[in-house]
Each structure stands twice: as structure tokens, then as C-alpha cells.
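I have placed the structure first, in the form of C-alpha cells, so that the comments after it can refer back to it.
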Amino acid sequence: MKKTGREAMVPMSATLRAALAERKSRAIVSEFVVVNASGQRYADSVINRYHHIAKAIAGITRRVRIHDLRHSFGGGLASAGASELMLKTFFGHESTKMVQRYSRPSEEAMKRVARALDGAGRSGPDGHQDGHPENAKVVQLVREQQVQNGEAPANARASV
């Protein structure tokens with residue numbers, strides 16, 4: 001709500017719901033999930049320090065901001081098939097234009113597209129539903145179209 005003033009809808013997985021229920025059962029209850037021993041929200045500097053330590057432990061040397069996690073999460077949802085309208089609602093954006101920043105397909109999503117382009121599961125000998133015409137037939141069809149359009153004389157040979 002910080003930027004847009006619009007409420008964001010965040011669906012919860014069963015795992016997250018259980019973790020939050022466990023957290024709520026503790027003696028200190030807060031509107032924040034990550035709190036110190038007295039129930040106060042950690043300062044941004046503390047969260048950034050822990051983030052820096054986690055990056056070091058993971059061996060990550062390039063720049064990775066905490067906000068990048070939001071983009072990774074949004075990209076993962078987009079690659080899993082969440083529509084831009086769903087992501088718009090989820091992140092609380094005013095338009096789908098902002099959501100397009102999150103809609104970068106993952107490597108696996110690109111592989112699924114490549115498999116679809118290869119015609120996986122199609123019936124023709126070349127993977128196409130009805131099979132593609134033989135090359136000679138394609139050349140003949142192109143030649144006939146060129147003649148019909150006046151692009152080549154009737155006795156010209158087609159080159160493809």
C-alpha cells in the first residue's frame with residue numbers, strides 16, 4: 001500500500017498459514033512477522049545486515065537487494081502460469097503495466113515453449129498435426145502463387 005495506497009491481496013499457502021499460526025501462538029504477537037525478543041520490528045539496518053550475512057554464506061557476490069526477492073517471487077508466479085491480472089491484484093499495482101516487470105519467463109517456461117514449438121505430442125512425421133507438405137510440393141505451391149500474382153512468368157522455375 002506504500003506506493004499506490006491500494007490494498008494488495010496475498011494468497012497464502014498451507015505451509016505459510018501453519019508457520020504464521022505457530023508464530024502467533026508464541027508469547028509475543030505483533031503485526032510484523034519478523035520481530036525481536038521484545039516484539040518490535042527489526043530496524044531496516046538489522047535486516048540489511050542479516051541479508052548481507054546470508055548472501056556471504058550463500059557465496060553470492062553480485063548485487064542482490066531484498067526487493068529483488070519480490071521480483072523473483074513474481075517471476076516465479078508468472079512462469080507458473082499466474083496471469084498479469086492475478087499478479088496485479090496480488091502485488092497491489094494499479095495497472096498490469098507494472099506487473100510486466102515481473103513477467104520475465106523462467107528458463108523452464110522457455111523450455112516448455114520450445115517443446116511446444118517442436119510440436120511435442122503432434123501426430124505428423126515432422127511433429128506437426130497434419131505434417132508439412134513435401135519440399136517439392138511447397139516449391140510447386142510457391143511457383144503457382146507467384147504466377148497467379150504476376151510475379152513470375154508461367155514457365156519460370158521457383159526458387160525457395
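The chains in the C-alpha cells are called A, B, ... from first to last as shown; in each chain the residues are counted from 1, and the ligands are counted from 1 in the order shown.
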
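For Ile66 (chain A), the residues within 8 Å (counting only C-alpha atoms, excluding itself and residues fewer than 2 positions away along the chain) are Asn48, His51, Val64, Asp68, Leu69 and Arg70 of chain A.
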
Writing out the chosen residues with C-alpha atoms as a tab-separated table (two decimals), in the first residue's frame:
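Final output, result_8.tsv:
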chain	number	residue	atom	x	y	z
A	48	ASN	CA	20.04	-5.47	5.69
A	51	HIS	CA	20.68	-10.13	4.34
A	64	VAL	CA	21.09	-8.67	-4.76
A	68	ASP	CA	14.83	-8.45	-5.76
A	69	LEU	CA	13.14	-11.26	-3.85
A	70	ARG	CA	9.80	-9.67	-4.76

Any idea what's packed within 12 Å of Ala82 (chain A), counting only C-alpha atoms, ignoring anything in its chain fewer than 6 positions away? Could you give it as a count of residues only?
13

Applying 10 Å and only C-alpha atoms, which residues near Ser38 (chain A) remain after dropping the ones on its own chain fewer than 5 positions away? List them as a ChimeraX atom specification.
/A:27-30

Could you work out how far CA of Ser72 (chain A) lies from CA of Arg112 (chain A), giving the answer in Å with one decimal?
19.1 Å

Name all residues at most 12 Å from Lys24 (chain A) (count only C-alpha atoms; drop same-chain ones fewer than 6 positions away) and give them as a ChimeraX atom specification.
/A:17-18,30-35,39

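Residues in contact range of Ala109 (chain A), defined as at most 12 Å between only C-alpha atoms, with sequence neighbours fewer than 6 positions away removed, read Gly75, Gly76, Leu77, Ala78, Ser79, Ala80, Gly81, Ser103, Arg115 and Ala116 of chain A.
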